[in-house]
Amino acid sequence: MQEPTFLILTALAAGAQHGYGIMTDVATISEGRVRLRAGTLYSALDRLLGDGIVGVDGEEVVDGRLRRYYRLTAAGAELLAAEAARLSANARIAATRLRKLRTGAAPAGGATLARGVA
Amino acid sequence: MTDGGALERRYRRLLAWYPAAHRTNYGEEMVGVLLAAAPDGARRPGLAGAADLIRGGLRARLRSGLRWLSGTDWPDALAVCSIAIPVILAGYFTAVWLHEVIAGIMNGYAGPWYTQAERGLIVLALAMPPLLALRWRRTAVVMALALAGWYLIIVFGSLPDDIFHLGISGLGQWTWLVHGDGISSSLALLLGVAALAWSPGPRRGIEILTPKSWLVLTVPSVAMGLTQSYLWAQPLWLVALIVIAALAVVAAGLVLTVPGPAARGLLLLLAAPGYPGAVWAIGISRYWTNHVSGFPFKLLLPPTVLFACLAAVAVWRSRRRSAA
């Protein structure tokens with residue numbers, strides 16, 4: 001999963017949001033590092049809607065303009081949970097190896113580390 | 001007009017990069033988001049924002065094209081090719097033959113008998129594989145392959161002797177390459193072989209095609225065979241107009257008369273032999289041969305290779321689906 005998609009799903013995990021809300025939330029989550037643009041956001045939303053990862057929660061008209069709210073579907077929540085677990089496991093392994101590197105321990109094999117983490 | 005109005009107009013212009021369906025679904029919403037995210041007082045979209053919209057639009061177009069193709073029934077499209085290609089080629093060669101016979105009779109000399117016999121044998125050889133395939137598929141494939149091989153040898157046989165010493169710049173001198181009719185027929189014959197080998201076969205193709213779709217497929221090839229010597233005498237713009245109009249009518253006719261999922265595949269499969277044939281037909285204009293040096297080689301080869309690769313991928317996908 002690409003980072004913009006992960007961040008969009010993370011934004012929607014907080015509740016239904018409209019397009020501009022997702023953009024600002026993604027900037028907040030990533031501490032300003034990722035700034036989604038409208039083209040990228042709507043390409044991702046179109047794909048995620050097609051795959052059933054995201055659904056439309058409702059629409060309203062504000063100042064004469066359509067505002068559509070998007071929400072995470074059950075399938076989307078599962079996908080996000082799996083991706084978060086994968087990233088988390090990778091981050092734990094990276095952190096463990098870095099700790100060993102800093103304490104000057106002998107380099108260990110991947111299998112040993114994996115066992116250690118598990 | 002206010003700053004916001006000018007900005008909105010420019011954003012809407014950029015949204016034209018997206019397919020119509022995408023604009024209908026998200027257009028108004030995107031304009032709202034773009035204006036909300038724009039800096040105060042901006043009159044023009046930023047360069048990065050404009051590039052992002054163009055990239056998004058192209059991606060959306062590619063995705064909608066892939067969606068359109070993913071719904072294609074490739075085995076059925078190939079089944080139609082297995083019968084349509086020999087019929088189109090046989091129709092064309094019969095028309096050329098008839099035209100020569102009629103012209104010969106009118107001139108008082110129809111040529112030696114063996115020339116006529118040769119023309120007749122070509123038509124017979126083209127008609128045989130699909131007829132054989134109704135009963136003996138493997139024999140039909142072998143015969144179609146032999147026919148394609150024989151034709152390729154004839155076409156390759158006209159290569160200049162020093163072909164292997166030519167650099168890329170010399171490609172334009174390859175006589176067999178610059179003859180779009182040879183490329184077109186070669187690709188059509190190879191596609192016919194693949195269609196016979198890896199599709200449900202001509203019987204299924206006959207089931208799919210309606211009388212109207214037969215007319216759409218055969219009338220243009222017969223008309224081309226009968227009129228090509230007249231086309232040659234016409235100005236380039238007229239020939240181009242006739243060929244492009246004929247292609248548009250055939251494409252629209254196929255979409256309207258062949259069931260949707262097969263028609264899409266058929267259009268893509270027939271594009272590989274159809275494109276070089278069309279360029280060649282335009283190129284036989286006397287204006288072109290008299291006023292423009294060389295054949296439109298760059299115009300001919302890259303799209304032909306692209307269409308041929310797409311057709312090869314389609315055949316491969318059809319095989320995978322059949323195997324599954």
# chains A, B, ... in the order shown; residues from 1 in each chain; ligands from 1

$ interface_residues --of "chain B" --to "chain A" --cutoff "12 Å" --atoms "only C-alpha atoms" --output "number ranges by chain"
B: 11, 14-15, 17-19, 21-38, 45-64, 67

$ write_last_selection --atoms "N, CA and C atoms" --output "short mmCIF file (atom, residue, chain, number, x, y, z; two decimals), in the first residue's frame"
data_model
loop_
_atom_site.label_atom_id
_atom_site.label_comp_id
_atom_site.auth_asym_id
_atom_site.auth_seq_id
_atom_site.Cartn_x
_atom_site.Cartn_y
_atom_site.Cartn_z
N TYR B 11 -9.35 26.01 -13.28
CA TYR B 11 -9.40 24.65 -12.73
C TYR B 11 -10.32 23.76 -13.57
N LEU B 14 -8.60 22.56 -16.55
CA LEU B 14 -7.66 21.46 -16.25
C LEU B 14 -8.41 20.14 -16.03
N LEU B 15 -9.64 20.24 -15.50
CA LEU B 15 -10.41 19.00 -15.26
C LEU B 15 -10.81 18.31 -16.57
N TRP B 17 -8.90 17.14 -18.53
CA TRP B 17 -7.99 16.00 -18.70
C TRP B 17 -8.63 14.70 -18.21
N TYR B 18 -9.64 14.84 -17.36
CA TYR B 18 -10.28 13.63 -16.81
C TYR B 18 -11.35 13.12 -17.76
N PRO B 19 -11.64 11.81 -17.72
CA PRO B 19 -12.73 11.29 -18.55
C PRO B 19 -14.08 11.87 -18.08
N ALA B 21 -16.90 10.58 -17.34
CA ALA B 21 -17.57 9.90 -16.22
C ALA B 21 -16.96 10.37 -14.89
N HIS B 22 -15.65 10.56 -14.87
CA HIS B 22 -14.97 11.01 -13.65
C HIS B 22 -15.40 12.44 -13.31
N ARG B 23 -15.51 13.27 -14.36
CA ARG B 23 -15.93 14.67 -14.13
C ARG B 23 -17.35 14.73 -13.59
N THR B 24 -18.21 13.84 -14.13
CA THR B 24 -19.60 13.82 -13.65
C THR B 24 -19.63 13.43 -12.17
N ASN B 25 -18.82 12.44 -11.80
CA ASN B 25 -18.84 11.93 -10.42
C ASN B 25 -18.20 12.90 -9.43
N TYR B 26 -17.05 13.44 -9.82
CA TYR B 26 -16.25 14.20 -8.84
C TYR B 26 -15.98 15.64 -9.22
N GLY B 27 -16.38 16.06 -10.44
CA GLY B 27 -15.98 17.37 -10.95
C GLY B 27 -16.30 18.52 -10.00
N GLU B 28 -17.57 18.65 -9.61
CA GLU B 28 -17.99 19.78 -8.77
C GLU B 28 -17.29 19.73 -7.41
N GLU B 29 -17.19 18.51 -6.89
CA GLU B 29 -16.54 18.31 -5.60
C GLU B 29 -15.07 18.72 -5.67
N MET B 30 -14.42 18.32 -6.76
CA MET B 30 -13.00 18.64 -6.92
C MET B 30 -12.78 20.15 -7.04
N VAL B 31 -13.68 20.81 -7.78
CA VAL B 31 -13.55 22.27 -7.92
C VAL B 31 -13.64 22.91 -6.54
N GLY B 32 -14.60 22.44 -5.73
CA GLY B 32 -14.75 22.96 -4.37
C GLY B 32 -13.49 22.77 -3.54
N VAL B 33 -12.90 21.59 -3.60
CA VAL B 33 -11.69 21.27 -2.83
C VAL B 33 -10.51 22.10 -3.34
N LEU B 34 -10.40 22.20 -4.67
CA LEU B 34 -9.27 22.96 -5.26
C LEU B 34 -9.34 24.43 -4.84
N LEU B 35 -10.55 25.01 -4.85
CA LEU B 35 -10.70 26.42 -4.47
C LEU B 35 -10.45 26.61 -2.97
N ALA B 36 -10.89 25.62 -2.18
CA ALA B 36 -10.68 25.72 -0.74
C ALA B 36 -9.19 25.65 -0.40
N ALA B 37 -8.46 24.83 -1.18
CA ALA B 37 -7.03 24.63 -0.89
C ALA B 37 -6.15 25.71 -1.53
N ALA B 38 -6.73 26.52 -2.43
CA ALA B 38 -5.91 27.53 -3.14
C ALA B 38 -5.53 28.67 -2.20
N PRO B 45 -3.92 28.33 -11.17
CA PRO B 45 -3.47 27.15 -10.43
C PRO B 45 -1.95 27.13 -10.40
N GLY B 46 -1.36 26.67 -9.29
CA GLY B 46 0.10 26.54 -9.22
C GLY B 46 0.57 25.47 -10.20
N LEU B 47 1.86 25.53 -10.52
CA LEU B 47 2.42 24.58 -11.50
C LEU B 47 2.28 23.13 -11.01
N ALA B 48 2.64 22.93 -9.72
CA ALA B 48 2.59 21.57 -9.16
C ALA B 48 1.15 21.07 -9.11
N GLY B 49 0.22 21.97 -8.76
CA GLY B 49 -1.20 21.58 -8.70
C GLY B 49 -1.73 21.22 -10.07
N ALA B 50 -1.33 22.02 -11.08
CA ALA B 50 -1.79 21.75 -12.44
C ALA B 50 -1.22 20.41 -12.93
N ALA B 51 0.07 20.18 -12.63
CA ALA B 51 0.70 18.91 -13.05
C ALA B 51 0.02 17.73 -12.37
N ASP B 52 -0.37 17.92 -11.10
CA ASP B 52 -1.04 16.85 -10.35
C ASP B 52 -2.40 16.53 -10.99
N LEU B 53 -3.12 17.58 -11.43
CA LEU B 53 -4.43 17.35 -12.06
C LEU B 53 -4.26 16.65 -13.41
N ILE B 54 -3.24 17.06 -14.16
CA ILE B 54 -3.02 16.44 -15.48
C ILE B 54 -2.65 14.97 -15.29
N ARG B 55 -1.74 14.71 -14.33
CA ARG B 55 -1.34 13.32 -14.06
C ARG B 55 -2.54 12.50 -13.61
N GLY B 56 -3.36 13.07 -12.71
CA GLY B 56 -4.55 12.36 -12.23
C GLY B 56 -5.51 12.08 -13.36
N GLY B 57 -5.68 13.06 -14.28
CA GLY B 57 -6.58 12.88 -15.40
C GLY B 57 -6.12 11.77 -16.33
N LEU B 58 -4.82 11.76 -16.61
CA LEU B 58 -4.28 10.71 -17.50
C LEU B 58 -4.43 9.34 -16.87
N ARG B 59 -4.17 9.27 -15.55
CA ARG B 59 -4.33 8.00 -14.84
C ARG B 59 -5.78 7.52 -14.89
N ALA B 60 -6.69 8.47 -14.69
CA ALA B 60 -8.12 8.10 -14.70
C ALA B 60 -8.51 7.59 -16.09
N ARG B 61 -7.96 8.24 -17.12
CA ARG B 61 -8.28 7.79 -18.49
C ARG B 61 -7.72 6.39 -18.74
N LEU B 62 -6.48 6.15 -18.28
CA LEU B 62 -5.87 4.83 -18.46
C LEU B 62 -6.69 3.77 -17.71
N ARG B 63 -7.09 4.13 -16.48
CA ARG B 63 -7.84 3.17 -15.67
C ARG B 63 -9.18 2.85 -16.31
N SER B 64 -9.85 3.88 -16.86
CA SER B 64 -11.16 3.61 -17.46
C SER B 64 -10.98 2.78 -18.74
N ARG B 67 -10.43 -0.76 -17.55
CA ARG B 67 -11.71 -1.32 -17.09
C ARG B 67 -12.53 -1.78 -18.28
#

$ residues_around --residues "Ala127 of chain B" --least-positions-apart "2" --cutoff "9 Å" --atoms "only C-alpha atoms" --output "list in words"
Pro86, Val87, Leu89, Ala90, Ile122, Val123, Leu124, Ala125, Pro129, Pro130, Leu131 and Leu132 of chain B

$ residues_around --residues "Ala75 of chain A" --least-positions-apart "3" --cutoff "12 Å" --atoms "only C-alpha atoms" --output "list in words"
Leu9, Leu48, Leu49, Asp51, Gly52, Ile53, Val54, Gly55, Arg71, Leu72, Glu78, Leu79, Leu80, Ala81 and Ala82 of chain A

$ select_by_dssp --residues "segment 6-100 of chain B" --states "alpha helix (DSSP H)" --output "VMD selection string"
chain B and resid 6 to 15 20 to 37 47 to 70 74 to 100
